[in-house]
Amino acid sequence: MATSATTEHVIAPAAPAAASHSLLGDYITLFKLRVSTMVIITAGAGFYLGSLRSGISPFHAGLVQALFGITIVTCGSSALNQALERKTDRLMRRTADRPMAAGRISLVHGLTVGFATIFLGSLYLALVTNLLTGTLTLLTAIGYVAIYTPLKRVTNLNTFIGAFPGALPPLIGWTAARGLIEWPGVALFAILFVWQFPHFMAIGWMYREDYAAAGIRLTPTLGDTRYAALSTVVQSLFYAVLMIPVSLWPTALHTTGTPYAIAAAVLSLGYLWYTIRFARILRDPDAPEARQYARDLLRASVIYLPLLLGAMMLDAKGRLLF
């Protein structure tokens with residue numbers, strides 16, 4: 001599964017100039033295990049809600065099996081992503097020390113691990129959950145690695161296209177529990193899809209010099225600085241506003257009740273507030289404060305999503321009736 005177009009560089013620190021490395025540490029970087037945590041959280045939320053839809057406890061062996069398979073495929077997708085971007089990664093200070101970019105893990109090694117984990121993880125999911133979940137997971141990995149990753153050097157539409165595989169983990173968690181695609185699962189997909197844009201625009205603005213140096217085409221790197229800032233802010237605000245009704249969709253579908261709706265409205269308004277604050281980069285896009293506004297929005301986004309999903313799970317209505 002994709003690590004997502006937008007969670008891929010969650011608050012990523014700059015690579016150290018020199019450091020000791022171990023194979024275990026390199027694998028942790030290759031698999032982006034910290035990023036995989038967000039995938040596990042969102043997929044787990046989908047499984048939890050889907051299980052309640054079936055009227056069964058979500059805390060059974062199926063949860064562990066589903067999350068294990070999803071994690072394996074996520075790790076494989078990350079490995080193939082770094083195999084394809086090893087040359088690009090060398091051009092960015094933030095990623096130059098990744099194991100494939102630095103040559104500590106060979107291309108053959110990375111490709112073998114990546115393909116093997118994606119194939120075996122998808123097969124495992126098809127066997128222990130259902131064919132739909134295994135297929136969706138495999139297609140997500142393909143979309144992330146074979147479509148989104150190459151497009152990053154071609155068009156800034158890669159952000160929109162990459163948001164599709166990036167938003168699939170909760171829907172895949174839902175299908176792992178239910179065996180079919182239903183509107184509550186689609187609502188989870190929509191929440192994660194919309195959430196990604198302010199999140200990723202903040203990342204793009206923080207590291208736009210790095211991205212530009214590597215030839216990666218993003219909204220924050222296109223045109224002159226003021227045009228890039230305006231385009232970045234407009235997109236961020238559009239999706240932050242859209243996040244409010246989308247976050248309330250589960251209540252409209254009777255997946256959750258009024259307590260969740262109140263929590264979702266408050267959280268989404270807070271997300272919008274940080275996005276409006278981010279719009280201050282228009283005053284002086286090159287000022288040091290502009291980067292801080294982006295960092296604050298990024299931090300708000302990675303706090304917002306788990307809190308929203310947590311509120312949803314706490315207020316889940318159980319078996320849904322339509």
# chains A, B, ... in the order shown; residues from 1 in each chain; ligands from 1
call {"tool": "residues_around", "arguments": {"residues": "segment 170-177 of chain A", "least_positions_apart": "6", "cutoff": "6 Å", "atoms": "only C-alpha atoms", "output": "VMD selection string"}}
result
chain A and resid 42 to 43 46 to 47 50 to 51 129 133 185 188 to 189
call {"tool": "closest_atom_pairs", "arguments": {"of": "segment 13-100 of chain A", "to": "segment 304-313 of chain A", "cutoff": "8 Å", "atoms": "only C-alpha atoms", "output": "tab-separated table"}}
result
residue	atom	partner	partner_atom	distance
A:Ile41	CA	A:Pro306	CA	7.4
A:Thr42	CA	A:Leu309	CA	7.5
A:Ala45	CA	A:Leu309	CA	6.6
A:Tyr48	CA	A:Met313	CA	7.3
A:Leu49	CA	A:Met313	CA	6.8
call {"tool": "write_last_selection", "arguments": {"atoms": "N, CA and C atoms", "output": "mmCIF file, in the first residue's frame"}}
result
data_model
loop_
_atom_site.group_PDB
_atom_site.id
_atom_site.type_symbol
_atom_site.label_atom_id
_atom_site.label_comp_id
_atom_site.auth_asym_id
_atom_site.auth_seq_id
_atom_site.Cartn_x
_atom_site.Cartn_y
_atom_site.Cartn_z
ATOM 1 N N ILE A 41 -2.781 3.446 11.721
ATOM 2 C CA ILE A 41 -3.845 4.122 12.465
ATOM 3 C C ILE A 41 -5.102 4.250 11.624
ATOM 4 N N THR A 42 -4.950 4.720 10.382
ATOM 5 C CA THR A 42 -6.127 4.945 9.546
ATOM 6 C C THR A 42 -6.766 3.629 9.104
ATOM 7 N N ALA A 45 -8.630 2.191 12.049
ATOM 8 C CA ALA A 45 -9.913 2.859 12.271
ATOM 9 C C ALA A 45 -10.967 2.309 11.319
ATOM 10 N N TYR A 48 -11.958 -1.155 12.534
ATOM 11 C CA TYR A 48 -12.761 -1.036 13.757
ATOM 12 C C TYR A 48 -14.215 -0.708 13.418
ATOM 13 N N LEU A 49 -14.403 0.311 12.595
ATOM 14 C CA LEU A 49 -15.762 0.738 12.244
ATOM 15 C C LEU A 49 -16.471 -0.306 11.390
#
call {"tool": "atom_distance", "arguments": {"atom1": "atom CA of Tyr27 of chain A", "atom2": "atom CA of Leu67 of chain A"}}
result
19.1 Å
call {"tool": "atom_distance", "arguments": {"atom1": "atom CA of Ile70 of chain A", "atom2": "atom CA of Val145 of chain A"}}
result
15.4 Å
call {"tool": "atom_distance", "arguments": {"atom1": "atom CA of Leu139 of chain A", "atom2": "atom CA of Arg34 of chain A"}}
result
22.5 Å
call {"tool": "residues_around", "arguments": {"residues": "Thr251 of chain A", "least_positions_apart": "4", "cutoff": "8 Å", "atoms": "only C-alpha atoms", "output": "list of chain:residue names"}}
result
A:Thr255, A:Thr256, A:Gly257, A:Thr258, A:Tyr260, A:Ala261
call {"tool": "residues_around", "arguments": {"residues": "Ala265 of chain A", "least_positions_apart": "2", "cutoff": "8 Å", "atoms": "only C-alpha atoms", "output": "short mmCIF file (atom, residue, chain, number, x, y, z; two decimals) with C-alpha atoms, in the first residue's frame"}}
result
data_model
loop_
_atom_site.label_atom_id
_atom_site.label_comp_id
_atom_site.auth_asym_id
_atom_site.auth_seq_id
_atom_site.Cartn_x
_atom_site.Cartn_y
_atom_site.Cartn_z
CA ILE A 244 -15.65 20.58 7.50
CA SER A 247 -15.65 15.26 8.29
CA LEU A 248 -19.37 15.34 9.15
CA ALA A 261 -20.26 15.71 14.91
CA ILE A 262 -19.46 18.31 17.56
CA ALA A 263 -15.89 17.08 17.91
CA LEU A 267 -11.38 19.96 15.14
CA SER A 268 -12.02 20.91 11.52
CA LEU A 269 -12.46 24.57 12.41
#
call {"tool": "closest_residue", "arguments": {"among": "A:Met243, A:Ala102, A:Val35, A:Leu132", "to": "Gln196 of chain A", "atoms": "only C-alpha atoms"}}
result
A:Met243
call {"tool": "select_by_dssp", "arguments": {"residues": "segment 175-302 of chain A", "states": "helix (DSSP H, G or I)", "output": "CSV table (one decimal) with N, CA and C atoms, in the first residue's frame"}}
result
chain,number,residue,atom,x,y,z
A,175,THR,N,-12.9,-2.8,4.2
A,175,THR,CA,-13.1,-4.0,3.4
A,175,THR,C,-12.5,-5.2,4.0
A,176,ALA,N,-11.5,-5.1,4.8
A,176,ALA,CA,-10.9,-6.2,5.5
A,176,ALA,C,-11.9,-6.8,6.5
A,177,ALA,N,-12.7,-5.9,7.1
A,177,ALA,CA,-13.6,-6.3,8.1
A,177,ALA,C,-15.0,-6.7,7.4
A,178,ARG,N,-15.3,-6.1,6.3
A,178,ARG,CA,-16.7,-6.2,5.8
A,178,ARG,C,-16.7,-7.1,4.5
A,183,TRP,N,-20.8,2.9,1.7
A,183,TRP,CA,-20.7,4.3,1.8
A,183,TRP,C,-19.9,4.8,3.1
A,184,PRO,N,-20.0,4.2,4.2
A,184,PRO,CA,-19.2,4.6,5.4
A,184,PRO,C,-17.7,4.5,5.1
A,185,GLY,N,-17.3,3.4,4.4
A,185,GLY,CA,-15.9,3.2,4.0
A,185,GLY,C,-15.5,4.3,3.0
A,186,VAL,N,-16.4,4.7,2.1
A,186,VAL,CA,-16.1,5.7,1.1
A,186,VAL,C,-15.9,7.1,1.9
A,187,ALA,N,-16.7,7.3,2.9
A,187,ALA,CA,-16.6,8.5,3.7
A,187,ALA,C,-15.2,8.6,4.4
A,188,LEU,N,-14.8,7.5,4.9
A,188,LEU,CA,-13.4,7.5,5.5
A,188,LEU,C,-12.4,7.8,4.4
A,189,PHE,N,-12.5,7.2,3.2
A,189,PHE,CA,-11.6,7.6,2.1
A,189,PHE,C,-11.6,9.1,1.8
A,190,ALA,N,-12.9,9.6,1.8
A,190,ALA,CA,-13.0,11.1,1.5
A,190,ALA,C,-12.3,11.9,2.5
A,191,ILE,N,-12.5,11.6,3.8
A,191,ILE,CA,-11.8,12.3,4.9
A,191,ILE,C,-10.3,12.4,4.7
A,192,LEU,N,-9.7,11.2,4.4
A,192,LEU,CA,-8.3,11.2,4.3
A,192,LEU,C,-7.8,11.9,3.0
A,193,PHE,N,-8.6,11.8,2.0
A,193,PHE,CA,-8.3,12.4,0.7
A,193,PHE,C,-8.2,13.9,0.9
A,194,VAL,N,-9.2,14.5,1.4
A,194,VAL,CA,-9.3,16.0,1.6
A,194,VAL,C,-8.2,16.4,2.6
A,195,TRP,N,-8.1,15.7,3.7
A,195,TRP,CA,-7.1,16.1,4.7
A,195,TRP,C,-5.7,16.3,4.2
A,196,GLN,N,-5.4,15.5,3.2
A,196,GLN,CA,-4.0,15.5,2.7
A,196,GLN,C,-3.5,16.8,2.1
A,197,PHE,N,-4.4,17.6,1.5
A,197,PHE,CA,-3.9,18.8,0.7
A,197,PHE,C,-3.3,19.9,1.6
A,198,PRO,N,-4.0,20.4,2.6
A,198,PRO,CA,-3.3,21.4,3.5
A,198,PRO,C,-2.0,20.8,4.1
A,199,HIS,N,-2.1,19.5,4.5
A,199,HIS,CA,-0.9,18.8,5.0
A,199,HIS,C,0.2,18.8,4.1
A,200,PHE,N,0.0,18.4,2.8
A,200,PHE,CA,1.1,18.3,1.9
A,200,PHE,C,1.5,19.7,1.4
A,201,MET,N,0.6,20.6,1.3
A,201,MET,CA,1.1,22.0,0.9
A,201,MET,C,2.0,22.6,1.9
A,202,ALA,N,1.8,22.3,3.2
A,202,ALA,CA,2.7,22.7,4.2
A,202,ALA,C,4.1,22.1,4.1
A,203,ILE,N,4.1,20.8,3.8
A,203,ILE,CA,5.3,20.1,3.6
A,203,ILE,C,6.1,20.7,2.4
A,204,GLY,N,5.3,20.8,1.3
A,204,GLY,CA,5.9,21.3,0.0
A,204,GLY,C,6.5,22.7,0.2
A,205,TRP,N,5.8,23.6,1.0
A,205,TRP,CA,6.4,24.9,1.3
A,205,TRP,C,7.6,24.9,2.1
A,206,MET,N,7.6,24.0,3.1
A,206,MET,CA,8.8,23.9,4.0
A,206,MET,C,10.0,23.5,3.3
A,208,ARG,N,10.5,23.4,-0.2
A,208,ARG,CA,10.4,23.8,-1.6
A,208,ARG,C,11.7,23.9,-2.3
A,209,GLU,N,12.7,24.4,-1.6
A,209,GLU,CA,14.0,24.5,-2.2
A,209,GLU,C,14.6,23.2,-2.5
A,210,ASP,N,14.4,22.2,-1.6
A,210,ASP,CA,14.9,20.9,-1.8
A,210,ASP,C,14.2,20.3,-3.0
A,211,TYR,N,12.8,20.4,-3.1
A,211,TYR,CA,12.1,19.8,-4.2
A,211,TYR,C,12.5,20.4,-5.5
A,212,ALA,N,12.6,21.8,-5.5
A,212,ALA,CA,13.0,22.4,-6.7
A,212,ALA,C,14.4,22.0,-7.2
A,213,ALA,N,15.3,21.8,-6.3
A,213,ALA,CA,16.6,21.4,-6.7
A,213,ALA,C,16.6,20.0,-7.3
A,214,ALA,N,15.7,19.2,-6.9
A,214,ALA,CA,15.6,17.8,-7.4
A,214,ALA,C,14.7,17.7,-8.6
A,219,THR,N,3.1,22.4,-6.5
A,219,THR,CA,2.5,23.8,-6.5
A,219,THR,C,3.5,24.7,-5.8
A,220,PRO,N,4.1,24.4,-4.7
A,220,PRO,CA,5.0,25.4,-4.0
A,220,PRO,C,6.3,25.7,-4.8
A,221,THR,N,6.6,24.9,-5.9
A,221,THR,CA,7.8,25.1,-6.6
A,221,THR,C,7.6,25.7,-8.0
A,225,THR,N,8.0,33.0,-6.7
A,225,THR,CA,7.7,32.7,-5.4
A,225,THR,C,6.3,33.2,-5.0
A,226,ARG,N,6.0,34.4,-5.4
A,226,ARG,CA,4.6,34.9,-5.0
A,226,ARG,C,3.5,34.2,-5.7
A,227,TYR,N,3.7,33.8,-6.9
A,227,TYR,CA,2.7,33.0,-7.6
A,227,TYR,C,2.6,31.6,-6.9
A,228,ALA,N,3.7,31.0,-6.6
A,228,ALA,CA,3.7,29.7,-5.9
A,228,ALA,C,3.0,29.8,-4.5
A,229,ALA,N,3.3,30.9,-3.8
A,229,ALA,CA,2.6,31.1,-2.5
A,229,ALA,C,1.1,31.2,-2.6
A,230,LEU,N,0.7,32.0,-3.6
A,230,LEU,CA,-0.8,32.2,-3.8
A,230,LEU,C,-1.4,30.9,-4.2
A,231,SER,N,-0.9,30.2,-5.1
A,231,SER,CA,-1.5,28.9,-5.5
A,231,SER,C,-1.5,27.9,-4.4
A,232,THR,N,-0.4,27.9,-3.6
A,232,THR,CA,-0.4,27.0,-2.4
A,232,THR,C,-1.4,27.3,-1.4
A,233,VAL,N,-1.6,28.6,-1.1
A,233,VAL,CA,-2.6,29.0,-0.1
A,233,VAL,C,-4.0,28.8,-0.6
A,234,VAL,N,-4.3,29.1,-1.8
A,234,VAL,CA,-5.6,28.9,-2.4
A,234,VAL,C,-6.0,27.4,-2.3
A,235,GLN,N,-5.2,26.5,-2.7
A,235,GLN,CA,-5.5,25.1,-2.6
A,235,GLN,C,-5.6,24.6,-1.1
A,236,SER,N,-4.8,25.1,-0.3
A,236,SER,CA,-4.9,24.7,1.1
A,236,SER,C,-6.2,25.2,1.7
A,237,LEU,N,-6.6,26.4,1.5
A,237,LEU,CA,-7.8,26.9,2.1
A,237,LEU,C,-9.0,26.2,1.5
A,238,PHE,N,-9.0,25.9,0.2
A,238,PHE,CA,-10.2,25.2,-0.4
A,238,PHE,C,-10.4,23.9,0.3
A,239,TYR,N,-9.4,23.1,0.4
A,239,TYR,CA,-9.5,21.8,1.0
A,239,TYR,C,-9.8,21.9,2.5
A,240,ALA,N,-9.2,22.9,3.2
A,240,ALA,CA,-9.5,23.0,4.6
A,240,ALA,C,-11.0,23.3,4.9
A,241,VAL,N,-11.5,24.2,4.0
A,241,VAL,CA,-13.0,24.5,4.1
A,241,VAL,C,-13.8,23.2,3.8
A,242,LEU,N,-13.4,22.5,2.8
A,242,LEU,CA,-14.1,21.3,2.4
A,242,LEU,C,-14.0,20.2,3.5
A,243,MET,N,-13.0,20.3,4.3
A,243,MET,CA,-12.8,19.3,5.3
A,243,MET,C,-14.0,19.3,6.3
A,244,ILE,N,-14.6,20.5,6.5
A,244,ILE,CA,-15.7,20.6,7.5
A,244,ILE,C,-16.8,19.7,7.1
A,245,PRO,N,-17.5,19.9,5.9
A,245,PRO,CA,-18.6,19.0,5.6
A,245,PRO,C,-18.2,17.5,5.4
A,246,VAL,N,-17.0,17.3,4.9
A,246,VAL,CA,-16.6,15.9,4.7
A,246,VAL,C,-16.4,15.2,6.0
A,247,SER,N,-15.8,15.9,7.0
A,247,SER,CA,-15.7,15.3,8.3
A,247,SER,C,-17.0,14.9,9.0
A,249,TRP,N,-19.6,13.8,7.3
A,249,TRP,CA,-20.3,12.8,6.5
A,249,TRP,C,-20.6,11.5,7.3
A,250,PRO,N,-19.7,11.0,8.1
A,250,PRO,CA,-20.0,9.8,8.9
A,250,PRO,C,-21.3,9.9,9.8
A,251,THR,N,-21.5,11.1,10.3
A,251,THR,CA,-22.7,11.3,11.1
A,251,THR,C,-24.0,11.3,10.2
A,252,ALA,N,-23.9,11.9,9.0
A,252,ALA,CA,-25.0,11.8,8.0
A,252,ALA,C,-25.3,10.4,7.6
A,258,THR,N,-24.1,12.5,17.5
A,258,THR,CA,-23.9,14.0,17.7
A,258,THR,C,-22.6,14.3,18.4
A,259,PRO,N,-22.2,13.5,19.4
A,259,PRO,CA,-20.9,13.9,20.0
A,259,PRO,C,-19.7,13.9,19.0
A,260,TYR,N,-19.7,12.9,18.1
A,260,TYR,CA,-18.6,13.0,17.1
A,260,TYR,C,-18.8,14.2,16.2
A,261,ALA,N,-20.0,14.6,15.8
A,261,ALA,CA,-20.3,15.7,14.9
A,261,ALA,C,-19.7,17.0,15.6
A,262,ILE,N,-20.0,17.1,16.9
A,262,ILE,CA,-19.5,18.3,17.6
A,262,ILE,C,-17.9,18.3,17.6
A,263,ALA,N,-17.3,17.2,17.9
A,263,ALA,CA,-15.9,17.1,17.9
A,263,ALA,C,-15.3,17.3,16.5
A,264,ALA,N,-15.9,16.8,15.5
A,264,ALA,CA,-15.4,16.9,14.1
A,264,ALA,C,-15.5,18.4,13.7
A,265,ALA,N,-16.6,19.1,14.1
A,265,ALA,CA,-16.7,20.5,13.7
A,265,ALA,C,-15.6,21.3,14.4
A,266,VAL,N,-15.4,21.1,15.7
A,266,VAL,CA,-14.4,21.9,16.4
A,266,VAL,C,-13.0,21.6,15.9
A,267,LEU,N,-12.7,20.3,15.7
A,267,LEU,CA,-11.4,20.0,15.1
A,267,LEU,C,-11.2,20.5,13.7
A,268,SER,N,-12.2,20.4,12.9
A,268,SER,CA,-12.0,20.9,11.5
A,268,SER,C,-11.9,22.4,11.5
A,269,LEU,N,-12.6,23.1,12.3
A,269,LEU,CA,-12.5,24.6,12.4
A,269,LEU,C,-11.1,24.9,12.9
A,270,GLY,N,-10.5,24.1,13.8
A,270,GLY,CA,-9.1,24.4,14.2
A,270,GLY,C,-8.2,24.1,13.1
A,271,TYR,N,-8.4,23.1,12.3
A,271,TYR,CA,-7.5,22.8,11.1
A,271,TYR,C,-7.6,24.0,10.1
A,272,LEU,N,-8.8,24.5,9.9
A,272,LEU,CA,-9.0,25.6,9.1
A,272,LEU,C,-8.3,26.9,9.6
A,273,TRP,N,-8.3,27.1,10.9
A,273,TRP,CA,-7.7,28.2,11.5
A,273,TRP,C,-6.2,28.2,11.2
A,274,TYR,N,-5.5,27.0,11.4
A,274,TYR,CA,-4.1,26.9,11.1
A,274,TYR,C,-3.8,27.1,9.6
A,275,THR,N,-4.8,26.7,8.8
A,275,THR,CA,-4.6,26.9,7.4
A,275,THR,C,-4.7,28.4,7.0
A,276,ILE,N,-5.6,29.1,7.6
A,276,ILE,CA,-5.8,30.6,7.5
A,276,ILE,C,-4.5,31.2,7.9
A,277,ARG,N,-4.0,30.8,9.1
A,277,ARG,CA,-2.7,31.3,9.6
A,277,ARG,C,-1.6,31.1,8.6
A,278,PHE,N,-1.6,29.9,8.0
A,278,PHE,CA,-0.6,29.6,7.0
A,278,PHE,C,-0.6,30.6,5.8
A,279,ALA,N,-1.8,31.2,5.5
A,279,ALA,CA,-2.0,32.1,4.4
A,279,ALA,C,-1.1,33.4,4.7
A,280,ARG,N,-0.6,33.6,5.8
A,280,ARG,CA,0.3,34.7,6.1
A,280,ARG,C,1.6,34.7,5.3
A,281,ILE,N,1.9,33.5,4.7
A,281,ILE,CA,3.1,33.5,3.9
A,281,ILE,C,2.9,34.4,2.7
A,282,LEU,N,1.7,34.8,2.4
A,282,LEU,CA,1.5,35.8,1.2
A,282,LEU,C,2.1,37.1,1.5
A,288,PRO,N,11.6,34.1,7.1
A,288,PRO,CA,11.7,32.9,7.9
A,288,PRO,C,10.4,32.5,8.6
A,289,GLU,N,9.5,33.5,8.9
A,289,GLU,CA,8.2,33.2,9.5
A,289,GLU,C,7.3,32.3,8.6
A,290,ALA,N,7.5,32.5,7.3
A,290,ALA,CA,6.7,31.7,6.4
A,290,ALA,C,6.9,30.2,6.6
A,291,ARG,N,8.1,29.8,6.8
A,291,ARG,CA,8.4,28.4,7.0
A,291,ARG,C,7.8,27.9,8.3
A,292,GLN,N,7.8,28.8,9.3
A,292,GLN,CA,7.2,28.5,10.6
A,292,GLN,C,5.7,28.3,10.5
A,293,TYR,N,5.1,29.1,9.7
A,293,TYR,CA,3.6,28.9,9.5
A,293,TYR,C,3.3,27.6,8.9
A,294,ALA,N,4.2,27.2,7.9
A,294,ALA,CA,4.0,25.9,7.3
A,294,ALA,C,4.2,24.8,8.3
A,295,ARG,N,5.3,24.9,9.1
A,295,ARG,CA,5.5,23.9,10.1
A,295,ARG,C,4.4,23.7,11.1
A,296,ASP,N,3.8,24.8,11.5
A,296,ASP,CA,2.7,24.8,12.4
A,296,ASP,C,1.5,24.1,11.8
A,297,LEU,N,1.2,24.4,10.6
A,297,LEU,CA,0.1,23.7,9.9
A,297,LEU,C,0.4,22.2,9.8
A,298,LEU,N,1.6,21.9,9.5
A,298,LEU,CA,2.0,20.5,9.4
A,298,LEU,C,1.7,19.7,10.7
A,299,ARG,N,2.2,20.3,11.8
A,299,ARG,CA,2.0,19.7,13.1
A,299,ARG,C,0.5,19.6,13.4
A,300,ALA,N,-0.2,20.7,13.1
A,300,ALA,CA,-1.7,20.6,13.4
A,300,ALA,C,-2.3,19.5,12.6
A,301,SER,N,-1.9,19.3,11.4
A,301,SER,CA,-2.5,18.2,10.5
A,301,SER,C,-2.3,16.8,11.1
A,302,VAL,N,-1.1,16.6,11.6
A,302,VAL,CA,-0.8,15.3,12.1
A,302,VAL,C,-1.4,15.0,13.5
call {"tool": "closest_residue", "arguments": {"among": "A:Thr95, A:Leu136, A:Thr37, A:Ala101", "to": "Ile181 of chain A", "atoms": "only C-alpha atoms"}}
result
A:Leu136
call {"tool": "closest_residue", "arguments": {"among": "A:Lys152, A:Arg283, A:His254, A:Lys317", "to": "Ile216 of chain A", "atoms": "only C-alpha atoms"}}
result
A:Lys152
call {"tool": "residues_around", "arguments": {"residues": "Ala79 of chain A", "least_positions_apart": "6", "cutoff": "6 Å", "atoms": "only C-alpha atoms", "output": "PyMOL selection string"}}
result
chain A and resi 30-31+114
call {"tool": "closest_residue", "arguments": {"among": "A:Leu314, A:Ser57, A:Ile105, A:Thr137", "to": "Leu120 of chain A", "atoms": "only C-alpha atoms"}}
result
A:Thr137
call {"tool": "decode", "arguments": {"residues": "segment 74-98 of chain A", "atoms": "N, CA and C atoms", "output": "PDB file, in the first residue's frame"}}
result
ATOM      1  N   THR A  74       2.831  -1.749   2.718  1.00  0.00           N
ATOM      2  CA  THR A  74       3.272  -0.361   2.869  1.00  0.00           C
ATOM      3  C   THR A  74       4.788  -0.271   2.861  1.00  0.00           C
ATOM      4  N   CYS A  75       5.429  -1.179   3.580  1.00  0.00           N
ATOM      5  CA  CYS A  75       6.897  -1.198   3.618  1.00  0.00           C
ATOM      6  C   CYS A  75       7.468  -1.469   2.228  1.00  0.00           C
ATOM      7  N   GLY A  76       6.861  -2.394   1.501  1.00  0.00           N
ATOM      8  CA  GLY A  76       7.326  -2.684   0.141  1.00  0.00           C
ATOM      9  C   GLY A  76       7.173  -1.505  -0.787  1.00  0.00           C
ATOM     10  N   SER A  77       6.068  -0.786  -0.655  1.00  0.00           N
ATOM     11  CA  SER A  77       5.847   0.403  -1.480  1.00  0.00           C
ATOM     12  C   SER A  77       6.902   1.466  -1.195  1.00  0.00           C
ATOM     13  N   SER A  78       7.244   1.625   0.067  1.00  0.00           N
ATOM     14  CA  SER A  78       8.272   2.597   0.433  1.00  0.00           C
ATOM     15  C   SER A  78       9.621   2.215  -0.161  1.00  0.00           C
ATOM     16  N   ALA A  79       9.928   0.924  -0.143  1.00  0.00           N
ATOM     17  CA  ALA A  79      11.207   0.463  -0.694  1.00  0.00           C
ATOM     18  C   ALA A  79      11.277   0.725  -2.196  1.00  0.00           C
ATOM     19  N   LEU A  80      10.208   0.420  -2.923  1.00  0.00           N
ATOM     20  CA  LEU A  80      10.212   0.659  -4.368  1.00  0.00           C
ATOM     21  C   LEU A  80      10.222   2.145  -4.680  1.00  0.00           C
ATOM     22  N   ASN A  81       9.538   2.935  -3.864  1.00  0.00           N
ATOM     23  CA  ASN A  81       9.565   4.382  -4.041  1.00  0.00           C
ATOM     24  C   ASN A  81      10.989   4.915  -3.937  1.00  0.00           C
ATOM     25  N   GLN A  82      11.738   4.434  -2.952  1.00  0.00           N
ATOM     26  CA  GLN A  82      13.114   4.903  -2.789  1.00  0.00           C
ATOM     27  C   GLN A  82      14.028   4.348  -3.875  1.00  0.00           C
ATOM     28  N   ALA A  83      13.691   3.176  -4.414  1.00  0.00           N
ATOM     29  CA  ALA A  83      14.477   2.647  -5.529  1.00  0.00           C
ATOM     30  C   ALA A  83      14.317   3.546  -6.754  1.00  0.00           C
ATOM     31  N   LEU A  84      13.085   3.970  -7.015  1.00  0.00           N
ATOM     32  CA  LEU A  84      12.835   4.829  -8.167  1.00  0.00           C
ATOM     33  C   LEU A  84      13.388   6.240  -7.962  1.00  0.00           C
ATOM     34  N   GLU A  85      13.437   6.689  -6.727  1.00  0.00           N
ATOM     35  CA  GLU A  85      13.835   8.073  -6.453  1.00  0.00           C
ATOM     36  C   GLU A  85      15.241   8.191  -5.872  1.00  0.00           C
ATOM     37  N   ARG A  86      16.040   7.138  -5.995  1.00  0.00           N
ATOM     38  CA  ARG A  86      17.367   7.168  -5.376  1.00  0.00           C
ATOM     39  C   ARG A  86      18.223   8.302  -5.926  1.00  0.00           C
ATOM     40  N   LYS A  87      18.131   8.586  -7.237  1.00  0.00           N
ATOM     41  CA  LYS A  87      18.926   9.669  -7.809  1.00  0.00           C
ATOM     42  C   LYS A  87      18.382  11.028  -7.384  1.00  0.00           C
ATOM     43  N   THR A  88      17.077  11.149  -7.355  1.00  0.00           N
ATOM     44  CA  THR A  88      16.459  12.393  -6.897  1.00  0.00           C
ATOM     45  C   THR A  88      16.771  12.653  -5.435  1.00  0.00           C
ATOM     46  N   ASP A  89      16.724  11.595  -4.636  1.00  0.00           N
ATOM     47  CA  ASP A  89      16.990  11.744  -3.209  1.00  0.00           C
ATOM     48  C   ASP A  89      18.399  12.274  -2.942  1.00  0.00           C
ATOM     49  N   ARG A  90      19.344  11.927  -3.800  1.00  0.00           N
ATOM     50  CA  ARG A  90      20.720  12.406  -3.614  1.00  0.00           C
ATOM     51  C   ARG A  90      20.823  13.918  -3.755  1.00  0.00           C
ATOM     52  N   LEU A  91      19.864  14.522  -4.436  1.00  0.00           N
ATOM     53  CA  LEU A  91      19.909  15.956  -4.693  1.00  0.00           C
ATOM     54  C   LEU A  91      19.285  16.777  -3.569  1.00  0.00           C
ATOM     55  N   MET A  92      18.641  16.107  -2.626  1.00  0.00           N
ATOM     56  CA  MET A  92      17.962  16.822  -1.546  1.00  0.00           C
ATOM     57  C   MET A  92      18.660  16.542  -0.223  1.00  0.00           C
ATOM     58  N   ARG A  93      18.971  17.588   0.484  1.00  0.00           N
ATOM     59  CA  ARG A  93      19.690  17.458   1.754  1.00  0.00           C
ATOM     60  C   ARG A  93      18.939  16.560   2.730  1.00  0.00           C
ATOM     61  N   ARG A  94      17.612  16.652   2.691  1.00  0.00           N
ATOM     62  CA  ARG A  94      16.759  15.910   3.607  1.00  0.00           C
ATOM     63  C   ARG A  94      16.785  14.409   3.365  1.00  0.00           C
ATOM     64  N   THR A  95      17.034  14.001   2.136  1.00  0.00           N
ATOM     65  CA  THR A  95      16.921  12.583   1.772  1.00  0.00           C
ATOM     66  C   THR A  95      18.232  11.981   1.282  1.00  0.00           C
ATOM     67  N   ALA A  96      19.290  12.774   1.218  1.00  0.00           N
ATOM     68  CA  ALA A  96      20.540  12.295   0.621  1.00  0.00           C
ATOM     69  C   ALA A  96      21.148  11.115   1.373  1.00  0.00           C
ATOM     70  N   ASP A  97      20.795  10.982   2.663  1.00  0.00           N
ATOM     71  CA  ASP A  97      21.387   9.912   3.454  1.00  0.00           C
ATOM     72  C   ASP A  97      20.513   8.661   3.515  1.00  0.00           C
ATOM     73  N   ARG A  98      19.449   8.629   2.739  1.00  0.00           N
ATOM     74  CA  ARG A  98      18.651   7.404   2.682  1.00  0.00           C
ATOM     75  C   ARG A  98      19.519   6.262   2.150  1.00  0.00           C
TER      76      ARG A  98
END
